[in-house]
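A.B. asks: The following file, upload-v9.cif, comprises mmCIF, C-alpha atoms and all ligand atoms:
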```cif
data_query
loop_
_atom_site.label_atom_id
_atom_site.label_comp_id
_atom_site.auth_asym_id
_atom_site.auth_seq_id
_atom_site.Cartn_x
_atom_site.Cartn_y
_atom_site.Cartn_z
CA MET E 1 8.47 2.24 15.61
CA SER E 2 4.87 3.46 15.48
CA THR E 3 3.53 3.22 19.00
CA LEU E 4 -0.11 3.42 17.92
CA VAL E 5 0.00 0.42 15.64
CA GLN E 6 1.08 -3.10 16.53
CA THR E 7 -0.69 -5.33 14.05
CA ILE E 8 -1.30 -4.58 10.39
CA ALA E 9 -3.35 -6.71 8.01
CA VAL E 10 -2.20 -6.62 4.40
CA LEU E 11 -5.00 -7.84 2.12
CA GLY E 12 -3.51 -9.33 -1.03
CA GLY E 13 -0.29 -9.56 1.00
CA THR E 14 0.98 -12.50 -1.04
CA GLY E 15 1.40 -10.18 -4.05
CA ALA E 16 4.27 -7.96 -5.14
CA GLU E 17 3.40 -4.72 -3.33
CA GLY E 18 1.76 -6.26 -0.25
CA SER E 19 4.58 -8.71 0.42
CA GLY E 20 7.15 -5.92 0.07
CA LEU E 21 5.33 -3.73 2.59
CA ALA E 22 4.82 -6.71 4.92
CA LEU E 23 8.51 -7.53 4.77
CA ARG E 24 9.58 -4.00 5.60
CA TRP E 25 7.06 -3.61 8.45
CA ALA E 26 8.01 -6.97 9.96
CA ARG E 27 11.64 -5.97 9.89
CA ALA E 28 10.69 -2.74 11.64
CA GLY E 29 9.17 -4.77 14.50
CA LEU E 30 5.46 -4.73 13.62
CA ARG E 31 3.24 -7.80 13.50
CA VAL E 32 1.76 -8.38 10.05
CA ILE E 33 -1.06 -10.65 8.91
CA LEU E 34 -1.10 -11.48 5.21
CA GLY E 35 -4.68 -11.67 3.93
CA SER E 36 -5.15 -14.15 1.11
CA ARG E 37 -7.76 -16.26 -0.68
CA ASN E 38 -5.35 -19.17 -0.80
CA PRO E 39 -3.92 -20.66 2.43
CA GLU E 40 -1.17 -22.67 0.71
CA LYS E 41 0.07 -19.66 -1.24
CA ALA E 42 -0.11 -17.53 1.91
CA ALA E 43 1.76 -20.09 4.04
CA LYS E 44 4.55 -20.19 1.46
CA ALA E 45 4.72 -16.38 1.29
CA CYS E 46 4.78 -16.23 5.10
CA ARG E 47 7.71 -18.65 5.35
CA GLU E 48 9.69 -16.79 2.70
CA LEU E 49 9.02 -13.33 4.14
CA ASN E 50 9.76 -14.34 7.75
CA ALA E 51 13.03 -15.88 6.58
CA LEU E 52 13.96 -12.72 4.66
CA ALA E 53 12.98 -10.43 7.54
CA GLY E 54 14.59 -12.66 10.17
CA THR E 55 11.38 -12.68 12.21
CA ASP E 56 8.40 -14.84 13.03
CA SER E 57 6.03 -11.89 13.16
CA ILE E 58 4.29 -12.46 9.82
CA SER E 59 1.27 -14.75 9.87
CA PHE E 60 -1.63 -15.29 7.46
CA ALA E 61 -5.40 -15.64 7.33
CA ASP E 62 -8.22 -15.20 4.85
CA ASN E 63 -8.80 -11.54 3.96
CA ARG E 64 -11.80 -11.16 6.24
CA SER E 65 -10.18 -12.72 9.31
CA ALA E 66 -6.99 -10.75 8.71
CA ALA E 67 -8.95 -7.49 8.54
CA ALA E 68 -10.88 -8.37 11.70
CA ALA E 69 -7.68 -9.03 13.67
CA ALA E 70 -5.87 -5.77 12.92
CA ALA E 71 -6.35 -2.10 13.78
CA ILE E 72 -4.93 -0.98 10.45
CA VAL E 73 -5.83 -2.70 7.20
CA VAL E 74 -3.85 -2.25 4.00
CA LEU E 75 -5.35 -3.00 0.59
CA THR E 76 -2.90 -4.34 -2.02
CA VAL E 77 -5.00 -6.06 -4.66
CA PRO E 78 -5.38 -5.26 -8.37
CA HIS E 79 -7.75 -2.40 -9.21
CA GLN E 80 -10.13 -4.80 -10.95
CA VAL E 81 -10.92 -6.47 -7.58
CA GLN E 82 -10.44 -3.46 -5.29
CA ARG E 83 -14.13 -2.83 -4.62
CA ALA E 84 -15.09 -6.50 -4.35
CA THR E 85 -12.32 -7.09 -1.81
CA VAL E 86 -13.42 -4.08 0.24
CA GLU E 87 -17.03 -5.33 0.14
CA GLU E 88 -15.86 -8.72 1.42
CA VAL E 89 -14.22 -7.18 4.51
CA ARG E 90 -16.60 -4.25 4.97
CA ASP E 91 -17.92 -5.29 8.41
CA ALA E 92 -14.43 -6.12 9.67
CA ILE E 93 -12.99 -2.67 8.87
CA ALA E 94 -15.72 -0.51 10.42
CA GLY E 95 -14.13 2.15 12.64
CA LYS E 96 -10.63 1.39 11.36
CA ILE E 97 -8.08 2.94 9.02
CA LEU E 98 -7.93 1.44 5.53
CA ILE E 99 -4.70 2.22 3.70
CA ASP E 100 -5.42 1.83 0.00
CA THR E 101 -2.45 1.42 -2.37
CA THR E 102 -4.57 0.89 -5.47
CA VAL E 103 -3.52 2.31 -8.82
CA PRO E 104 -6.30 2.14 -11.42
CA LEU E 105 -4.15 0.72 -14.20
CA VAL E 106 -6.02 -0.45 -17.29
CA PRO E 107 -4.03 -3.24 -19.01
CA PRO E 108 -2.53 -3.46 -21.49
CA LYS E 109 -1.84 0.31 -21.61
CA VAL E 110 -0.56 0.63 -18.04
CA ALA E 111 1.87 3.40 -18.97
CA ARG E 112 -1.08 5.63 -19.88
CA VAL E 113 -3.00 7.56 -17.20
CA GLN E 114 -6.57 6.20 -17.21
CA LEU E 115 -8.28 7.32 -14.01
CA PRO E 116 -11.84 6.10 -13.30
CA ALA E 117 -14.86 8.30 -13.99
CA GLY E 118 -15.00 9.35 -10.33
CA GLY E 119 -11.45 10.75 -10.61
CA SER E 120 -9.65 8.47 -8.15
CA ALA E 121 -9.90 4.78 -7.35
CA VAL E 122 -9.20 5.38 -3.65
CA ALA E 123 -11.64 8.29 -3.34
CA GLU E 124 -14.31 6.01 -4.82
CA VAL E 125 -13.67 3.53 -2.00
CA GLN E 126 -14.02 6.26 0.62
CA ARG E 127 -17.37 7.24 -0.99
CA MET E 128 -18.46 3.61 -1.02
CA LEU E 129 -17.61 3.08 2.68
CA GLY E 130 -18.80 6.43 4.02
CA ALA E 131 -17.48 7.96 7.23
CA THR E 132 -17.33 4.67 9.15
CA VAL E 133 -13.90 3.89 7.69
CA ARG E 134 -11.00 6.35 7.45
CA VAL E 135 -9.53 5.65 4.02
CA VAL E 136 -5.96 6.82 3.45
CA SER E 137 -4.26 6.62 0.08
CA ALA E 138 -0.53 5.85 0.16
CA PHE E 139 2.37 3.90 -1.42
CA GLN E 140 1.03 4.11 -5.02
CA ASN E 141 4.43 5.35 -6.22
CA VAL E 142 6.60 2.93 -4.23
CA PRO E 143 7.82 0.14 -6.52
CA ALA E 144 7.40 -3.39 -5.15
CA HIS E 145 10.83 -4.22 -6.53
CA ASN E 146 12.46 -1.67 -4.20
CA LEU E 147 10.51 -2.79 -1.13
CA ARG E 148 11.73 -6.34 -1.57
CA ASP E 149 15.39 -5.34 -1.81
CA LEU E 150 16.33 -5.14 1.87
CA ASP E 151 19.96 -4.33 1.06
CA HIS E 152 18.96 -0.84 -0.04
CA PRO E 153 16.74 1.90 1.40
CA VAL E 154 13.64 2.53 -0.70
CA ASP E 155 14.44 5.45 -2.97
CA CYS E 156 10.95 6.98 -3.17
CA ASP E 157 8.78 9.38 -1.18
CA VAL E 158 5.14 8.74 -0.26
CA LEU E 159 2.19 11.04 -0.89
CA VAL E 160 -0.44 10.43 1.81
CA CYS E 161 -4.00 11.56 1.02
CA GLY E 162 -7.07 11.23 3.20
CA ASP E 163 -9.89 13.27 4.66
CA ASP E 164 -8.86 12.54 8.28
CA VAL E 165 -5.63 14.31 9.26
CA ALA E 166 -4.98 12.09 12.30
CA ALA E 167 -5.30 8.96 10.16
CA ARG E 168 -2.87 10.43 7.63
CA GLU E 169 -0.43 11.10 10.48
CA ILE E 170 -0.56 7.44 11.54
CA VAL E 171 0.11 6.30 7.97
CA ILE E 172 3.04 8.74 7.71
CA GLY E 173 4.42 7.11 10.87
CA LEU E 174 4.09 3.66 9.30
CA ALA E 175 5.95 4.84 6.21
CA ARG E 176 8.68 6.32 8.38
CA ASP E 177 8.96 3.02 10.26
CA VAL E 178 10.38 1.55 7.06
CA GLY E 179 12.63 4.50 6.28
CA LEU E 180 10.36 6.25 3.79
CA ARG E 181 9.74 9.98 3.76
CA ALA E 182 5.99 10.56 3.65
CA TYR E 183 3.96 13.74 3.37
CA HIS E 184 0.46 15.04 4.04
CA ALA E 185 -0.82 15.50 0.47
CA GLY E 186 -4.35 16.66 1.20
CA PRO E 187 -7.82 15.08 1.08
CA VAL E 188 -8.59 11.70 -0.40
CA CYS E 189 -9.64 13.21 -3.76
CA ASN E 190 -5.98 14.25 -4.22
CA SER E 191 -5.12 10.56 -4.47
CA ALA E 192 -5.89 11.03 -8.18
CA ALA E 193 -2.48 12.69 -8.58
CA ALA E 194 -0.57 9.85 -6.90
CA GLU E 195 -2.54 7.25 -8.86
CA ALA E 196 -1.81 9.05 -12.15
CA LEU E 197 1.89 9.46 -11.32
CA THR E 198 2.33 5.70 -11.27
CA SER E 199 1.65 5.43 -14.99
CA ILE E 200 4.29 8.12 -15.53
CA LEU E 201 6.74 6.09 -13.41
CA ILE E 202 5.95 3.01 -15.52
CA CYS E 203 6.73 5.12 -18.64
CA LEU E 204 10.07 6.08 -17.07
CA ASN E 205 10.86 2.44 -16.20
CA ILE E 206 10.29 1.47 -19.82
CA ARG E 207 12.09 4.44 -21.39
CA TYR E 208 15.15 4.31 -19.13
CA LYS E 209 15.20 0.50 -18.67
CA VAL E 210 15.06 0.57 -14.86
CA PRO E 211 12.98 -1.64 -12.50
CA GLY E 212 11.70 1.01 -10.09
CA ALA E 213 11.64 4.75 -10.82
CA GLY E 214 10.30 6.74 -7.86
CA ILE E 215 9.50 10.28 -6.75
CA ARG E 216 11.19 12.80 -4.43
CA ILE E 217 9.59 15.84 -2.79
CA THR E 218 12.03 18.72 -2.38
CA GLY E 219 11.94 21.94 -0.41
CA ILE E 220 10.60 20.46 2.85
CA PRO E 221 13.03 19.86 5.73
CA ASP E 222 13.24 16.20 6.83
CA THR E 223 12.01 17.01 10.33
CA THR E 224 8.66 18.42 9.13
CA SER E 225 5.63 16.13 9.17
N1 LIG E 301 3.52 -3.77 -7.96
C1 LIG E 301 3.90 -2.53 -7.67
O1 LIG E 301 5.09 -2.14 -7.85
C2 LIG E 301 2.90 -1.56 -7.09
C3 LIG E 301 3.34 -0.30 -6.67
C4 LIG E 301 2.42 0.58 -6.09
C5 LIG E 301 1.10 0.22 -5.97
N2 LIG E 301 0.69 -1.00 -6.42
C6 LIG E 301 -0.73 -1.35 -6.28
O2 LIG E 301 -0.82 -2.40 -5.34
C7 LIG E 301 -1.89 -3.27 -5.70
C8 LIG E 301 -1.32 -4.68 -5.81
O3 LIG E 301 -0.39 -4.73 -6.84
P1 LIG E 301 0.53 -6.02 -7.03
O4 LIG E 301 1.48 -5.73 -8.11
O5 LIG E 301 1.03 -6.46 -5.70
O6 LIG E 301 -0.58 -7.06 -7.55
P2 LIG E 301 -0.54 -8.63 -7.65
O7 LIG E 301 0.78 -9.15 -7.16
O8 LIG E 301 -0.96 -9.00 -9.04
O9 LIG E 301 -1.74 -9.09 -6.72
C9 LIG E 301 -1.74 -8.88 -5.33
C10 LIG E 301 -2.62 -9.92 -4.66
O10 LIG E 301 -3.99 -9.66 -4.94
C11 LIG E 301 -4.73 -10.87 -4.81
N3 LIG E 301 -5.59 -11.03 -5.99
C12 LIG E 301 -5.22 -11.20 -7.28
N4 LIG E 301 -6.31 -11.38 -8.07
C13 LIG E 301 -7.37 -11.35 -7.25
C14 LIG E 301 -8.77 -11.52 -7.45
N5 LIG E 301 -9.28 -11.77 -8.67
N6 LIG E 301 -9.57 -11.43 -6.37
C15 LIG E 301 -9.07 -11.21 -5.14
N7 LIG E 301 -7.74 -11.07 -4.86
C16 LIG E 301 -6.92 -11.14 -5.92
C17 LIG E 301 -3.71 -12.03 -4.80
O11 LIG E 301 -3.65 -12.55 -3.47
P3 LIG E 301 -4.20 -14.04 -3.10
O12 LIG E 301 -4.13 -14.86 -4.35
O13 LIG E 301 -3.23 -14.48 -2.06
O14 LIG E 301 -5.57 -13.82 -2.59
C18 LIG E 301 -2.41 -11.35 -5.17
O15 LIG E 301 -1.27 -11.94 -4.57
C19 LIG E 301 -2.46 -2.77 -7.03
O16 LIG E 301 -3.62 -2.03 -6.82
C20 LIG E 301 -1.34 -1.90 -7.56
O17 LIG E 301 -1.82 -0.87 -8.38
C21 LIG E 301 1.56 -1.90 -6.96
#
```
Would you kindly transcribe this structure into structure tokens?
C.D. replies:
Amino acid sequence: MSTLVQTIAVLGGTGAEGSGLALRWARAGLRVILGSRNPEKAAKACRELNALAGTDSISFADNRSAAAAAAIVVLTVPHQVQRATVEEVRDAIAGKILIDTTVPLVPPKVARVQLPAGGSAVAEVQRMLGATVRVVSAFQNVPAHNLRDLDHPVDCDVLVCGDDVAAREIVIGLARDVGLRAYHAGPVCNSAAAEALTSILICLNIRYKVPGAGIRITGIPDTTS
């Protein structure tokens, strides 16, 4: 287990991706706070996830309180509300690591790559926050469906992008805690590639009628970080 991190806040943690990550981290022994706008929905998600994980280490709070109570904050909300959610918790995440999982999908054509004008949704958040928050992009290619299925390891690697190498290393550790292989993939602007890949994976899901196509990096020994 990551020794540097004990409590993680997952904003939007009642949703598909956030609840899957929360479940896996709780099972790995970390404490997780689900951030939510809706206490009843969050309480229900908490009960279900704790039962699935066999723990009592998942709790809930509003997004701002969750962010204030954790050293690492994970953003798992739809792209349309990514910036507004970050604005809401801005004071609470100063000096911390923000792991942003956002993919800038533009419904209804989610299987088409449509990156924002700035190139990457996550890089835009790093620009918005400035150097006070270390933004790390990760998990864009990890299907929620696979995270939820505890009977199987998650068959997908993780590209980790961010301008701060030490912060990337911590996020790689968190991915490894749940059995994922994760890799330093360069500065936060490189998140554009991971964000774009998700639309390709959605194409593959549709074409090959599967619930969760993923990616694998080859040519790097498992022991290398
Ligand atoms: N689903 C996947 O397989 C997957 C894979 C990789 C990355 N991602 C990325 O992860 C993020 C979340 O995806 P998801 O599929 O988990 O989304 P989701 O289930 O639709 O939504 C996640 C949570 O966001 C909050 N939310 C929804 N609308 C909101 C609004 N208008 N304002 C504030 N909060 C709102 C909700 O939490 P409360 O109602 O509790 O506040 C909701 O449970 C997205 O950026 C997505 O691109 C998803």
A.B. asks: Give as a VMD selection string the residues surrounding ligand LIG 301 (chain E) up to a distance of 6 Å, considering only C-alpha atoms and all ligand atoms.
C.D. replies: chain E and resid 12 14 to 18 36 to 38 42 76 to 79 81 101 to 103 139 to 144
A.B. asks: Take the residues that were just selected and, keeping C-alpha atoms, output them as a PDB file, in the coordinates of the input.
C.D. replies:
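Once everything was written out, this is out_30.pdb:
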```pdb
ATOM      1  CA  GLY E  12      -3.510  -9.330  -1.030  1.00  0.00           C
ATOM      2  CA  THR E  14       0.980 -12.500  -1.040  1.00  0.00           C
ATOM      3  CA  GLY E  15       1.400 -10.180  -4.050  1.00  0.00           C
ATOM      4  CA  ALA E  16       4.270  -7.960  -5.140  1.00  0.00           C
ATOM      5  CA  GLU E  17       3.400  -4.720  -3.330  1.00  0.00           C
ATOM      6  CA  GLY E  18       1.760  -6.260  -0.250  1.00  0.00           C
ATOM      7  CA  SER E  36      -5.150 -14.150   1.110  1.00  0.00           C
ATOM      8  CA  ARG E  37      -7.760 -16.260  -0.680  1.00  0.00           C
ATOM      9  CA  ASN E  38      -5.350 -19.170  -0.800  1.00  0.00           C
ATOM     10  CA  ALA E  42      -0.110 -17.530   1.910  1.00  0.00           C
ATOM     11  CA  THR E  76      -2.900  -4.340  -2.020  1.00  0.00           C
ATOM     12  CA  VAL E  77      -5.000  -6.060  -4.660  1.00  0.00           C
ATOM     13  CA  PRO E  78      -5.380  -5.260  -8.370  1.00  0.00           C
ATOM     14  CA  HIS E  79      -7.750  -2.400  -9.210  1.00  0.00           C
ATOM     15  CA  VAL E  81     -10.920  -6.470  -7.580  1.00  0.00           C
ATOM     16  CA  THR E 101      -2.450   1.420  -2.370  1.00  0.00           C
ATOM     17  CA  THR E 102      -4.570   0.890  -5.470  1.00  0.00           C
ATOM     18  CA  VAL E 103      -3.520   2.310  -8.820  1.00  0.00           C
ATOM     19  CA  PHE E 139       2.370   3.900  -1.420  1.00  0.00           C
ATOM     20  CA  GLN E 140       1.030   4.110  -5.020  1.00  0.00           C
ATOM     21  CA  ASN E 141       4.430   5.350  -6.220  1.00  0.00           C
ATOM     22  CA  VAL E 142       6.600   2.930  -4.230  1.00  0.00           C
ATOM     23  CA  PRO E 143       7.820   0.140  -6.520  1.00  0.00           C
ATOM     24  CA  ALA E 144       7.400  -3.390  -5.150  1.00  0.00           C
TER      25      ALA E 144
END
```
A.B. asks: Find the residues around E:Ile72 up to 6 Å (all atoms listed in the file counted), leave out those fewer than 2 positions away in its own chain, and share them as a PyMOL selection string.
C.D. replies: chain E and resi 8+70+97
A.B. asks: Grab the atom CA of E:Arg112 to atom CA of E:Arg207 distance for me, in Å with one decimal place.
C.D. replies: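 Computed distance, atom CA of E:Arg112 to atom CA of E:Arg207, equals 13.3 Å.
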A.B. asks: Could you pull the residues within 12 Å of E:Asp222, counting all atoms listed in the file, minus those fewer than 2 positions along the same chain, as a PyMOL selection string?
C.D. replies: chain E and resi 157+176+179-183+216-220+224-225
A.B. asks: Between E:Ala43, E:Val160, E:Val86, E:Ile58, which residue has the minimum interatomic distance to E:Thr7, considering all atoms listed in the file?
C.D. replies: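 Result for the nearest residue to E:Thr7: E:Ile58.
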A.B. asks: Between E:Cys161, E:Leu204, E:Ile172, E:Ala84, which one has atoms that come closest to E:Ser120, using only C-alpha atoms?
C.D. replies: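 Among the listed residues, E:Cys161 lies closest to E:Ser120.
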A.B. asks: Between E:Ile99, E:Val89, E:Ala66, E:Leu23, single out the one closest to E:Val171, counting only C-alpha atoms.
C.D. replies: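 With only C-alpha atoms as the atom set, the closest residue is E:Ile99.
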A.B. asks: Which residues come within 9 Å of E:Ile33, counting only C-alpha atoms, excluding same-chain residues fewer than 4 positions away, as a PyMOL selection string?
C.D. replies: chain E and resi 7-11+13+22+46+57-61+66-67+69-70
A.B. asks: Let's have the selection written as a CSV table (one decimal), in the coordinates of the input, with C-alpha atoms.
C.D. replies:
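Output below, filename part_34.csv:
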```
chain,number,residue,atom,x,y,z
E,7,THR,CA,-0.7,-5.3,14.0
E,8,ILE,CA,-1.3,-4.6,10.4
E,9,ALA,CA,-3.4,-6.7,8.0
E,10,VAL,CA,-2.2,-6.6,4.4
E,11,LEU,CA,-5.0,-7.8,2.1
E,13,GLY,CA,-0.3,-9.6,1.0
E,22,ALA,CA,4.8,-6.7,4.9
E,46,CYS,CA,4.8,-16.2,5.1
E,57,SER,CA,6.0,-11.9,13.2
E,58,ILE,CA,4.3,-12.5,9.8
E,59,SER,CA,1.3,-14.8,9.9
E,60,PHE,CA,-1.6,-15.3,7.5
E,61,ALA,CA,-5.4,-15.6,7.3
E,66,ALA,CA,-7.0,-10.8,8.7
E,67,ALA,CA,-9.0,-7.5,8.5
E,69,ALA,CA,-7.7,-9.0,13.7
E,70,ALA,CA,-5.9,-5.8,12.9
```
A.B. asks: Would you mind listing what lies within 10 Å of E:Leu150 as a PDB file with C-alpha atoms, in the coordinates of the input, with all atoms listed in the file counted and same-chain residues fewer than 2 positions away left out?
C.D. replies:
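And here is the file that came out, part29.pdb:
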```
ATOM      1  CA  GLY E  20       7.150  -5.920   0.070  1.00  0.00           C
ATOM      2  CA  LEU E  23       8.510  -7.530   4.770  1.00  0.00           C
ATOM      3  CA  ARG E  24       9.580  -4.000   5.600  1.00  0.00           C
ATOM      4  CA  ARG E  27      11.640  -5.970   9.890  1.00  0.00           C
ATOM      5  CA  LEU E  52      13.960 -12.720   4.660  1.00  0.00           C
ATOM      6  CA  ALA E  53      12.980 -10.430   7.540  1.00  0.00           C
ATOM      7  CA  ASN E 146      12.460  -1.670  -4.200  1.00  0.00           C
ATOM      8  CA  LEU E 147      10.510  -2.790  -1.130  1.00  0.00           C
ATOM      9  CA  ARG E 148      11.730  -6.340  -1.570  1.00  0.00           C
ATOM     10  CA  HIS E 152      18.960  -0.840  -0.040  1.00  0.00           C
ATOM     11  CA  PRO E 153      16.740   1.900   1.400  1.00  0.00           C
ATOM     12  CA  VAL E 154      13.640   2.530  -0.700  1.00  0.00           C
TER      13      VAL E 154
END
```
A.B. asks: Using Å and a single decimal, report how far atom CA of E:Pro221 sits from atom CA of E:Gly173.
C.D. replies: 16.2 Å
A.B. asks: Between E:Ala123, E:Leu98, E:Val135, E:Val158, which one has atoms that come closest to E:Cys189, using only C-alpha atoms?
C.D. replies: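 Looking at the shortest contact to E:Cys189, the residue is E:Ala123.
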A.B. asks: Which of these, E:Ile93, E:Ala192, E:Ile200, E:Ala175, has the shortest distance to E:Leu115 once you count all atoms listed in the file?
C.D. replies: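 Once distances to E:Leu115 are computed over all atoms listed in the file, the minimum belongs to E:Ala192.
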A.B. asks: Write out as a Markdown table the residues of stretch 7-113 of chain E that have any atom within 9 Å of an atom of stretch 129-132 of chain E, one row each with the nearest atom pair and its distance in Å to one decimal, counting only C-alpha atoms, sorted by chain and then rising number.
C.D. replies:
```
| residue | atom | partner | partner_atom | distance |
| --- | --- | --- | --- | --- |
| E:Val86 | CA | E:Leu129 | CA | 8.6 |
| E:Glu87 | CA | E:Leu129 | CA | 8.8 |
| E:Arg90 | CA | E:Leu129 | CA | 7.7 |
| E:Ile93 | CA | E:Thr132 | CA | 8.5 |
| E:Ala94 | CA | E:Thr132 | CA | 5.6 |
| E:Gly95 | CA | E:Thr132 | CA | 5.4 |
| E:Lys96 | CA | E:Thr132 | CA | 7.8 |
```
A.B. asks: What is the atom CA of E:Gln80-atom CA of E:Ser191 distance in Å, reported with one decimal?
C.D. replies: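 Answer for the atom CA of E:Gln80 to atom CA of E:Ser191 separation: 17.4 Å.
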A.B. asks: So that I can check the surroundings of E:Asn190, please list as a PDB file with C-alpha atoms, in the coordinates of the input every protein, DNA and RNA residue that reaches within 12 Å of it, counting only C-alpha atoms and ignoring chain neighbours fewer than 6 positions away.
C.D. replies:
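The result, stored in around-v9.pdb:
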```pdb
ATOM      1  CA  GLY E 118     -15.000   9.350 -10.330  1.00  0.00           C
ATOM      2  CA  GLY E 119     -11.450  10.750 -10.610  1.00  0.00           C
ATOM      3  CA  SER E 120      -9.650   8.470  -8.150  1.00  0.00           C
ATOM      4  CA  ALA E 121      -9.900   4.780  -7.350  1.00  0.00           C
ATOM      5  CA  VAL E 122      -9.200   5.380  -3.650  1.00  0.00           C
ATOM      6  CA  ALA E 123     -11.640   8.290  -3.340  1.00  0.00           C
ATOM      7  CA  GLU E 124     -14.310   6.010  -4.820  1.00  0.00           C
ATOM      8  CA  VAL E 136      -5.960   6.820   3.450  1.00  0.00           C
ATOM      9  CA  SER E 137      -4.260   6.620   0.080  1.00  0.00           C
ATOM     10  CA  ALA E 138      -0.530   5.850   0.160  1.00  0.00           C
ATOM     11  CA  LEU E 159       2.190  11.040  -0.890  1.00  0.00           C
ATOM     12  CA  VAL E 160      -0.440  10.430   1.810  1.00  0.00           C
ATOM     13  CA  CYS E 161      -4.000  11.560   1.020  1.00  0.00           C
ATOM     14  CA  GLY E 162      -7.070  11.230   3.200  1.00  0.00           C
ATOM     15  CA  ASP E 163      -9.890  13.270   4.660  1.00  0.00           C
ATOM     16  CA  HIS E 184       0.460  15.040   4.040  1.00  0.00           C
ATOM     17  CA  ALA E 196      -1.810   9.050 -12.150  1.00  0.00           C
ATOM     18  CA  LEU E 197       1.890   9.460 -11.320  1.00  0.00           C
TER      19      LEU E 197
END
```
A.B. asks: Out of E:Gln82, E:Asn63, E:Ser199, E:Gln6, which residue has the shortest atom-to-atom distance to E:Ala28 when counting all atoms listed in the file?
C.D. replies: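 Checking each of E:Gln82, E:Asn63, E:Ser199, E:Gln6 against E:Ala28, counting all atoms listed in the file, the winner is E:Gln6.
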